[in-house]
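Coordinates from start_16.tsv are shown below (TSV, C-alpha atoms).
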```tsv
chain	number	residue	atom	x	y	z
O	50	MET	CA	21.25	-20.25	0.30
O	51	ALA	CA	19.20	-19.52	-2.82
O	52	ARG	CA	15.48	-18.95	-2.44
O	53	MET	CA	13.09	-21.63	-3.72
O	54	PRO	CA	11.00	-20.46	-6.69
O	55	ILE	CA	7.34	-19.74	-5.98
O	56	SER	CA	4.35	-19.38	-8.25
O	57	GLN	CA	3.30	-16.05	-9.75
O	58	GLY	CA	0.03	-16.21	-7.85
O	59	VAL	CA	1.79	-16.57	-4.52
O	60	ILE	CA	4.13	-13.70	-5.42
O	61	LEU	CA	1.26	-11.36	-6.26
O	62	LYS	CA	-0.69	-12.33	-3.15
O	63	THR	CA	2.39	-11.81	-1.00
O	64	ILE	CA	3.02	-8.38	-2.50
O	65	LEU	CA	-0.55	-7.19	-1.91
O	66	ILE	CA	-0.70	-8.42	1.68
O	67	VAL	CA	2.81	-7.58	2.78
O	68	LEU	CA	2.92	-4.08	1.36
O	69	ALA	CA	-0.22	-3.07	3.18
O	70	ALA	CA	1.08	-4.45	6.46
O	71	THR	CA	4.82	-3.80	6.35
O	72	LEU	CA	6.06	-1.16	3.95
O	73	VAL	CA	3.44	1.25	5.28
O	74	THR	CA	5.59	1.86	8.35
O	75	ALA	CA	8.61	2.92	6.32
O	76	CYS	CA	8.29	6.67	6.86
O	77	SER	CA	10.56	9.24	8.44
O	78	THR	CA	9.98	10.87	11.79
O	79	ASN	CA	9.58	14.40	10.50
O	80	GLU	CA	7.14	16.24	8.21
O	81	ASN	CA	9.94	18.35	6.70
O	82	GLU	CA	9.97	18.57	2.90
O	83	SER	CA	12.38	21.49	2.46
O	84	SER	CA	13.80	22.45	-0.92
O	85	LEU	CA	16.58	20.35	-2.38
O	86	ASP	CA	18.27	23.49	-3.68
O	87	GLY	CA	19.25	25.00	-0.32
O	88	ASP	CA	22.21	24.63	2.02
O	89	LYS	CA	23.49	21.38	3.47
O	90	PRO	CA	20.97	20.08	6.02
O	91	ILE	CA	21.62	20.55	9.70
O	92	LYS	CA	22.50	17.29	11.42
O	93	ALA	CA	21.42	16.49	14.96
O	94	TYR	CA	21.00	13.32	17.00
O	95	LYS	CA	17.84	11.84	18.41
O	96	THR	CA	17.41	8.98	20.86
O	97	ILE	CA	14.79	6.47	19.79
O	98	GLY	CA	14.42	3.53	22.14
O	99	ASN	CA	17.95	2.53	23.10
O	100	LYS	CA	19.57	3.97	19.96
O	101	THR	CA	20.89	7.40	19.15
O	102	ILE	CA	20.54	8.11	15.44
O	103	PRO	CA	21.36	11.05	13.16
O	104	GLN	CA	18.51	13.24	11.95
O	105	TYR	CA	18.60	15.95	9.32
O	106	ASP	CA	16.35	19.01	9.19
O	107	SER	CA	15.86	18.87	5.41
O	108	PRO	CA	16.74	16.82	2.33
O	109	PRO	CA	20.26	17.35	1.00
O	110	PRO	CA	20.89	19.88	-1.77
O	111	MET	CA	21.23	18.39	-5.24
O	112	THR	CA	24.89	17.57	-5.78
O	113	ILE	CA	24.89	14.60	-8.16
O	114	ASP	CA	25.43	14.81	-11.90
O	115	LYS	CA	22.61	13.02	-13.72
O	116	ASP	CA	24.95	12.27	-16.63
O	117	LYS	CA	27.45	10.37	-14.49
O	118	GLU	CA	27.41	6.73	-13.39
O	119	TYR	CA	27.14	5.93	-9.69
O	120	ILE	CA	27.85	2.49	-8.24
O	121	ALA	CA	27.03	1.68	-4.61
O	122	THR	CA	29.00	-1.14	-2.98
O	123	PHE	CA	27.33	-2.74	0.03
O	124	LYS	CA	29.82	-4.45	2.32
O	125	MET	CA	28.14	-6.82	4.77
O	126	ALA	CA	29.38	-7.24	8.34
O	127	LYS	CA	29.20	-11.05	8.07
O	128	GLY	CA	31.31	-10.98	4.89
O	129	GLY	CA	30.61	-10.54	1.23
O	130	GLU	CA	29.53	-7.55	-0.78
O	131	PHE	CA	27.24	-6.63	-3.64
O	132	ARG	CA	27.18	-3.74	-6.08
O	133	VAL	CA	24.25	-1.62	-7.22
O	134	ARG	CA	24.09	0.62	-10.28
O	135	LEU	CA	22.05	3.70	-9.38
O	136	TYR	CA	19.68	5.53	-11.74
O	137	PRO	CA	20.39	9.28	-11.40
O	138	LYS	CA	18.57	10.24	-14.59
O	139	GLU	CA	15.28	8.58	-13.72
O	140	ALA	CA	15.37	9.14	-9.95
O	141	PRO	CA	17.71	12.07	-9.21
O	142	ILE	CA	16.15	13.12	-5.90
O	143	THR	CA	16.16	9.54	-4.60
O	144	VAL	CA	19.70	8.81	-5.75
O	145	ASN	CA	20.96	12.14	-4.41
O	146	SER	CA	19.46	11.40	-0.98
O	147	PHE	CA	20.79	7.82	-0.94
O	148	ILE	CA	24.30	8.95	-1.87
O	149	PHE	CA	24.24	11.74	0.71
O	150	LEU	CA	23.20	9.35	3.48
O	151	ALA	CA	25.67	6.64	2.42
O	152	GLN	CA	28.59	9.07	2.31
O	153	ASP	CA	27.63	10.50	5.70
O	154	GLY	CA	27.72	7.00	7.25
O	155	PHE	CA	23.99	6.91	7.96
O	156	TYR	CA	23.68	3.31	6.74
O	157	ASP	CA	26.78	1.99	8.53
O	158	GLY	CA	25.72	-0.66	11.04
O	159	VAL	CA	22.09	-0.70	9.88
O	160	MET	CA	20.40	-4.09	9.61
O	161	PHE	CA	18.12	-5.66	7.06
O	162	HIS	CA	15.22	-5.57	9.49
O	163	ARG	CA	12.53	-7.19	7.33
O	164	VAL	CA	13.44	-10.01	4.93
O	165	ILE	CA	10.64	-12.04	3.38
O	166	GLU	CA	11.35	-15.20	1.43
O	167	GLY	CA	10.27	-14.99	-2.17
O	168	PHE	CA	9.70	-11.25	-1.95
O	169	MET	CA	12.29	-8.73	-0.75
O	170	ALA	CA	14.89	-7.60	1.82
O	171	GLN	CA	14.25	-4.22	3.48
O	172	SER	CA	16.75	-1.97	5.24
O	173	GLY	CA	17.68	1.68	5.75
O	174	ASP	CA	16.16	2.21	9.22
O	175	PRO	CA	18.83	2.77	11.90
O	176	THR	CA	16.28	2.03	14.65
O	177	GLY	CA	15.72	-1.47	13.22
O	178	THR	CA	11.98	-1.16	13.81
O	179	GLY	CA	10.79	-0.29	10.33
O	180	SER	CA	9.48	3.11	11.42
O	181	GLY	CA	12.68	5.18	11.48
O	182	GLY	CA	14.13	7.52	8.91
O	183	PRO	CA	16.52	10.43	8.30
O	184	GLY	CA	14.24	13.18	9.61
O	185	TYR	CA	13.08	14.38	6.20
O	186	LYS	CA	10.83	13.12	3.41
O	187	PHE	CA	10.75	13.56	-0.35
O	188	LYS	CA	8.47	12.86	-3.27
O	189	ASN	CA	8.07	9.77	-5.45
O	190	GLU	CA	9.88	9.55	-8.77
O	191	PRO	CA	8.08	6.80	-10.66
O	192	SER	CA	9.35	5.99	-14.14
O	193	PRO	CA	7.69	3.94	-16.87
O	194	PHE	CA	11.19	2.80	-17.85
O	195	ARG	CA	12.35	1.54	-14.44
O	196	ARG	CA	10.06	-1.14	-13.09
O	197	HIS	CA	10.07	-3.82	-10.40
O	198	ASP	CA	10.47	-6.34	-13.19
O	199	LYS	CA	13.46	-8.43	-12.20
O	200	PRO	CA	15.38	-9.74	-9.16
O	201	GLY	CA	17.87	-7.26	-7.74
O	202	VAL	CA	15.80	-4.13	-8.26
O	203	ILE	CA	16.35	-1.65	-5.40
O	204	SER	CA	13.45	0.64	-4.56
O	205	THR	CA	12.20	3.08	-1.94
O	206	ALA	CA	10.11	1.86	0.97
O	207	ASN	CA	7.51	4.42	2.00
O	208	ALA	CA	4.27	5.00	3.87
O	209	GLY	CA	2.11	5.57	0.80
O	210	GLY	CA	1.06	8.84	-0.73
O	211	GLU	CA	3.14	11.14	-2.91
O	212	ALA	CA	5.93	12.26	-0.57
O	213	THR	CA	6.74	9.81	2.24
O	214	ASN	CA	10.13	8.51	1.10
O	215	GLY	CA	13.06	8.73	3.49
O	216	SER	CA	16.06	6.45	4.02
O	217	GLN	CA	14.43	3.03	3.79
O	218	PHE	CA	14.75	0.82	0.74
O	219	PHE	CA	14.16	-2.76	-0.32
O	220	ILE	CA	15.81	-5.16	-2.77
O	221	MET	CA	13.58	-7.51	-4.74
O	222	PHE	CA	14.19	-11.26	-4.79
O	223	VAL	CA	11.59	-11.66	-7.55
O	224	PRO	CA	9.73	-9.42	-10.02
O	225	GLY	CA	6.79	-7.49	-8.58
O	226	THR	CA	5.47	-4.90	-11.02
O	227	ARG	CA	2.44	-4.16	-8.83
O	228	LEU	CA	4.84	-2.01	-6.81
O	229	ASP	CA	5.42	0.33	-9.75
O	230	GLY	CA	4.17	3.88	-9.87
O	231	TYR	CA	2.76	3.08	-13.30
O	232	ASN	CA	0.08	0.60	-14.31
O	233	LEU	CA	0.82	-2.18	-16.79
O	234	ASP	CA	-0.94	-0.19	-19.53
O	235	GLY	CA	1.56	2.66	-19.07
O	236	SER	CA	-0.78	5.02	-17.25
O	237	ARG	CA	0.46	6.63	-14.04
O	238	LYS	CA	-1.12	5.51	-10.78
O	239	ASP	CA	-2.87	7.93	-8.46
O	240	CYS	CA	-0.51	7.45	-5.54
O	241	SER	CA	-2.68	9.62	-3.30
O	242	ILE	CA	-5.27	6.83	-3.05
O	243	PRO	CA	-4.77	4.97	0.28
O	244	GLY	CA	-3.35	1.50	-0.17
O	245	THR	CA	-1.88	2.23	-3.61
O	246	SER	CA	1.66	0.92	-3.99
O	247	CYS	CA	3.96	3.53	-5.55
O	248	HIS	CA	7.66	2.85	-5.06
O	249	THR	CA	10.59	4.48	-6.85
O	250	VAL	CA	13.05	2.14	-8.53
O	251	PHE	CA	16.45	3.80	-8.16
O	252	GLY	CA	18.95	1.05	-8.92
O	253	GLN	CA	19.77	-2.52	-9.85
O	254	VAL	CA	22.13	-5.09	-8.33
O	255	ILE	CA	24.80	-5.79	-10.93
O	256	GLU	CA	27.18	-7.99	-8.91
O	257	GLY	CA	26.81	-10.23	-5.88
O	258	MET	CA	23.14	-11.20	-6.14
O	259	GLU	CA	24.08	-14.42	-4.33
O	260	ILE	CA	24.96	-12.25	-1.31
O	261	VAL	CA	21.54	-10.60	-1.49
O	262	HIS	CA	19.87	-14.00	-1.61
O	263	GLY	CA	21.92	-14.97	1.46
O	264	ILE	CA	20.53	-12.19	3.66
O	265	ARG	CA	18.94	-13.80	6.70
O	266	LEU	CA	15.17	-14.03	6.72
O	267	ARG	CA	13.64	-11.92	9.47
O	268	ASN	CA	10.20	-10.89	10.70
O	269	PRO	CA	10.77	-7.85	12.95
O	270	SER	CA	7.58	-8.48	14.92
O	271	THR	CA	8.59	-11.98	16.00
O	272	ASP	CA	12.38	-12.25	15.67
O	273	PRO	CA	14.34	-10.59	18.51
O	274	GLU	CA	17.72	-11.37	16.95
O	275	PRO	CA	19.36	-8.66	14.80
O	276	GLY	CA	19.15	-9.01	11.06
O	277	ASP	CA	22.19	-9.05	8.81
O	278	ILE	CA	24.15	-5.82	9.16
O	279	ILE	CA	25.40	-3.43	6.48
O	280	GLN	CA	28.97	-2.60	7.44
O	281	THR	CA	29.42	0.20	4.90
O	282	ILE	CA	28.05	1.54	1.64
O	283	THR	CA	30.64	3.20	-0.57
O	284	ILE	CA	29.87	5.21	-3.71
O	285	ASP	CA	31.97	5.17	-6.88
O	286	GLU	CA	31.39	7.96	-9.41
O	287	ASN	CA	32.40	7.71	-13.05
```

Just dump the structure as C-alpha cells.
Amino acid sequence: MARMPISQGVILKTILIVLAATLVTACSTNENESSLDGDKPIKAYKTIGNKTIPQYDSPPPMTIDKDKEYIATFKMAKGGEFRVRLYPKEAPITVNSFIFLAQDGFYDGVMFHRVIEGFMAQSGDPTGTGSGGPGYKFKNEPSPFRRHDKPGVISTANAGGEATNGSQFFIMFVPGTRLDGYNLDGSRKDCSIPGTSCHTVFGQVIEGMEIVHGIRLRNPSTDPEPGDIIQTITIDEN
C-alpha cells in the first residue's frame, strides 16, 4: 500500500527526532577499522541473543571497479523484488563493503527491522535489534552530488561521527536532505559534532519502488513480530 503524503514540516521534524533516537544505534560490534587494501577478512561466528551471526575481523579489500555499473536485486521472502543502482564512483568503500556482504550471504534472511511511515525503511542488521553489524566499521563518503533528495535513495545507517558505518542501511520513502554530509549551501558538515547527521548515499532504487513502499511498518521497540525479510541480494556487474 502506498504511503500517504505528509507535509514538509512533518518530514523535517520526523527526520530530526528519529535520527537522534534510532539511527544512532546502527553501529557494528567491533572497533576494527583495518585497511581496505589487505587480505580477505577472517570470518567467524558470534552468538548475539538467540542468533548466531557472521563477523569479520576487518573491512573487505577493494575489489570493485569504479568504472563499472553494479545493480543490486533485493528479493523479498514474501514475494516481489526491487533493483538498486549502486554508486561505486562516489562511494567506493561503501559499495565495496555492501557487495562483499551481499555476495557472502550476510543479508540473506535479514529483516527490515525499523520502518517508519513517511520516512524510511532500515535493514542490514542480522540481529534484528538495530545494534548489530558485520564486526568492522568504515568511514563516511559524503558527496555533494549524491543527496537524500528523492524517494528510493539508499544510504548508510550509522552511529554518528566519521567512521561508524557497518552493514546497516536505509531506503528513503521521501526526500530528506538534512541527512546529507553536506549542507544546502554546498559546504561539508563537521560530522564529528555529536548529533550531526552524516549518511552516505550509495545507491538509488531504479525498479520496484512499489515493493519498497509495501515493506511492513515496524517499530522494533514495540513490535515483537518480525519485519519483512530479505530473501537474497544478488549483484549484477556490467

- Item | 10 Å contact set for stretch 264-271 of chain O, only C-alpha atoms, chain neighbours under 4 positions out, as number ranges by chain | O: 50-51, 71, 125, 127, 161-166, 169-171, 177-179, 259-260, 275-278

- Task: Identify which of the residues O:Tyr136, O:Tyr105, O:Tyr119, O:Tyr231 lies closest to O:Ser216, counting only C-alpha atoms when measuring atom-to-atom distances.
- Result: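 Of O:Tyr136, O:Tyr105, O:Tyr119, O:Tyr231, the one nearest O:Ser216 is O:Tyr105, counting only C-alpha atoms.
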
Would you write out, as JSON lines, a table of all residues in stretch 172-209 of chain O that have an atom no more than 8 Å from an atom of stretch 244-256 of chain O, listing for each the closest atom pair and the distance in Å to one decimal, considering only C-alpha atoms and ordering rows by chain and rising residue number?
```
{"residue": "O:Asn189", "atom": "CA", "partner": "O:Thr249", "partner_atom": "CA", "distance": 6.0}
{"residue": "O:Glu190", "atom": "CA", "partner": "O:Thr249", "partner_atom": "CA", "distance": 5.5}
{"residue": "O:Pro191", "atom": "CA", "partner": "O:Thr249", "partner_atom": "CA", "distance": 5.1}
{"residue": "O:Ser192", "atom": "CA", "partner": "O:Thr249", "partner_atom": "CA", "distance": 7.5}
{"residue": "O:Arg195", "atom": "CA", "partner": "O:Val250", "partner_atom": "CA", "distance": 6.0}
{"residue": "O:Arg196", "atom": "CA", "partner": "O:Val250", "partner_atom": "CA", "distance": 6.4}
{"residue": "O:His197", "atom": "CA", "partner": "O:Val250", "partner_atom": "CA", "distance": 6.9}
{"residue": "O:Gly201", "atom": "CA", "partner": "O:Val254", "partner_atom": "CA", "distance": 4.8}
{"residue": "O:Val202", "atom": "CA", "partner": "O:Gln253", "partner_atom": "CA", "distance": 4.6}
{"residue": "O:Ile203", "atom": "CA", "partner": "O:Gly252", "partner_atom": "CA", "distance": 5.1}
{"residue": "O:Ser204", "atom": "CA", "partner": "O:Val250", "partner_atom": "CA", "distance": 4.3}
{"residue": "O:Thr205", "atom": "CA", "partner": "O:Thr249", "partner_atom": "CA", "distance": 5.4}
{"residue": "O:Ala206", "atom": "CA", "partner": "O:His248", "partner_atom": "CA", "distance": 6.6}
{"residue": "O:Asn207", "atom": "CA", "partner": "O:His248", "partner_atom": "CA", "distance": 7.2}
{"residue": "O:Gly209", "atom": "CA", "partner": "O:Ser246", "partner_atom": "CA", "distance": 6.7}
```

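Between atom CA of O:Lys124 and atom CA of O:Pro137 the separation is 21.6 Å.
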
- Task: Please measure the separation of atom CA of O:Ile148 and atom CA of O:Gly257, giving the value in Å to one decimal.
- Result: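 Atom CA of O:Gly257 lies at a distance of 19.8 Å from atom CA of O:Ile148.
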
- Query: Can you tell me how far atom CA of O:Gly225 sits from atom CA of O:Ala212, in Å to one decimal?
  - Reply: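 Interatomic distance here is 21.3 Å.
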
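You can rank O:Gln217, O:Asn287, O:Thr143, O:Ser241 by their closest distance to O:Asp116 using all atoms listed in the file, and at the top of that list sits O:Asn287.
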
- Task: Using all atoms listed in the file, find the one residue out of O:Asp272, O:Glu211, O:Ser180, O:Ile279 that sits nearest to O:Gly98.
- Result: O:Ser180

For stretch 242-257 of chain O, which lacks atoms in the input, supply N, CA, C and O atoms and format the output as a compact mmCIF listing (two decimals), in the coordinates of the input.
```txt
# COMPACT_ATOMS: atom_id res chain seq x y z
N ILE O 242 -4.21 7.73 -3.51
CA ILE O 242 -5.27 6.83 -3.05
C ILE O 242 -4.70 5.89 -1.98
O ILE O 242 -3.70 5.22 -2.21
N PRO O 243 -5.29 5.85 -0.79
CA PRO O 243 -4.77 4.97 0.28
C PRO O 243 -4.65 3.52 -0.19
O PRO O 243 -5.53 3.01 -0.88
N GLY O 244 -3.56 2.89 0.18
CA GLY O 244 -3.35 1.50 -0.17
C GLY O 244 -2.73 1.28 -1.52
O GLY O 244 -2.44 0.14 -1.90
N THR O 245 -2.49 2.37 -2.29
CA THR O 245 -1.88 2.23 -3.61
C THR O 245 -0.37 2.13 -3.46
O THR O 245 0.26 2.97 -2.83
N SER O 246 0.22 1.11 -4.07
CA SER O 246 1.66 0.92 -3.99
C SER O 246 2.35 1.75 -5.06
O SER O 246 2.12 1.57 -6.26
N CYS O 247 3.19 2.68 -4.64
CA CYS O 247 3.96 3.53 -5.55
C CYS O 247 5.38 3.63 -4.99
O CYS O 247 5.61 4.39 -4.05
N HIS O 248 6.29 2.88 -5.56
CA HIS O 248 7.66 2.85 -5.06
C HIS O 248 8.62 3.20 -6.19
O HIS O 248 8.45 2.77 -7.32
N THR O 249 9.64 3.98 -5.86
CA THR O 249 10.59 4.48 -6.85
C THR O 249 11.75 3.52 -7.02
O THR O 249 12.53 3.30 -6.09
N VAL O 250 11.88 2.95 -8.21
CA VAL O 250 13.05 2.14 -8.53
C VAL O 250 14.22 3.08 -8.77
O VAL O 250 14.16 3.97 -9.62
N PHE O 251 15.31 2.90 -8.01
CA PHE O 251 16.45 3.80 -8.16
C PHE O 251 17.77 3.08 -8.39
O PHE O 251 18.83 3.71 -8.40
N GLY O 252 17.72 1.77 -8.63
CA GLY O 252 18.95 1.05 -8.92
C GLY O 252 18.72 -0.42 -9.19
O GLY O 252 17.59 -0.93 -9.10
N GLN O 253 19.81 -1.10 -9.51
CA GLN O 253 19.77 -2.52 -9.85
C GLN O 253 21.06 -3.18 -9.39
O GLN O 253 22.16 -2.66 -9.65
N VAL O 254 20.95 -4.32 -8.71
CA VAL O 254 22.13 -5.09 -8.33
C VAL O 254 22.79 -5.62 -9.60
O VAL O 254 22.14 -6.26 -10.44
N ILE O 255 24.07 -5.35 -9.74
CA ILE O 255 24.80 -5.79 -10.93
C ILE O 255 25.87 -6.84 -10.61
O ILE O 255 26.35 -7.53 -11.51
N GLU O 256 26.24 -6.96 -9.34
CA GLU O 256 27.18 -7.99 -8.91
C GLU O 256 26.82 -8.43 -7.50
O GLU O 256 26.41 -7.61 -6.68
N GLY O 257 26.99 -9.72 -7.23
CA GLY O 257 26.81 -10.23 -5.88
C GLY O 257 25.38 -10.54 -5.50
O GLY O 257 25.04 -10.52 -4.31
```
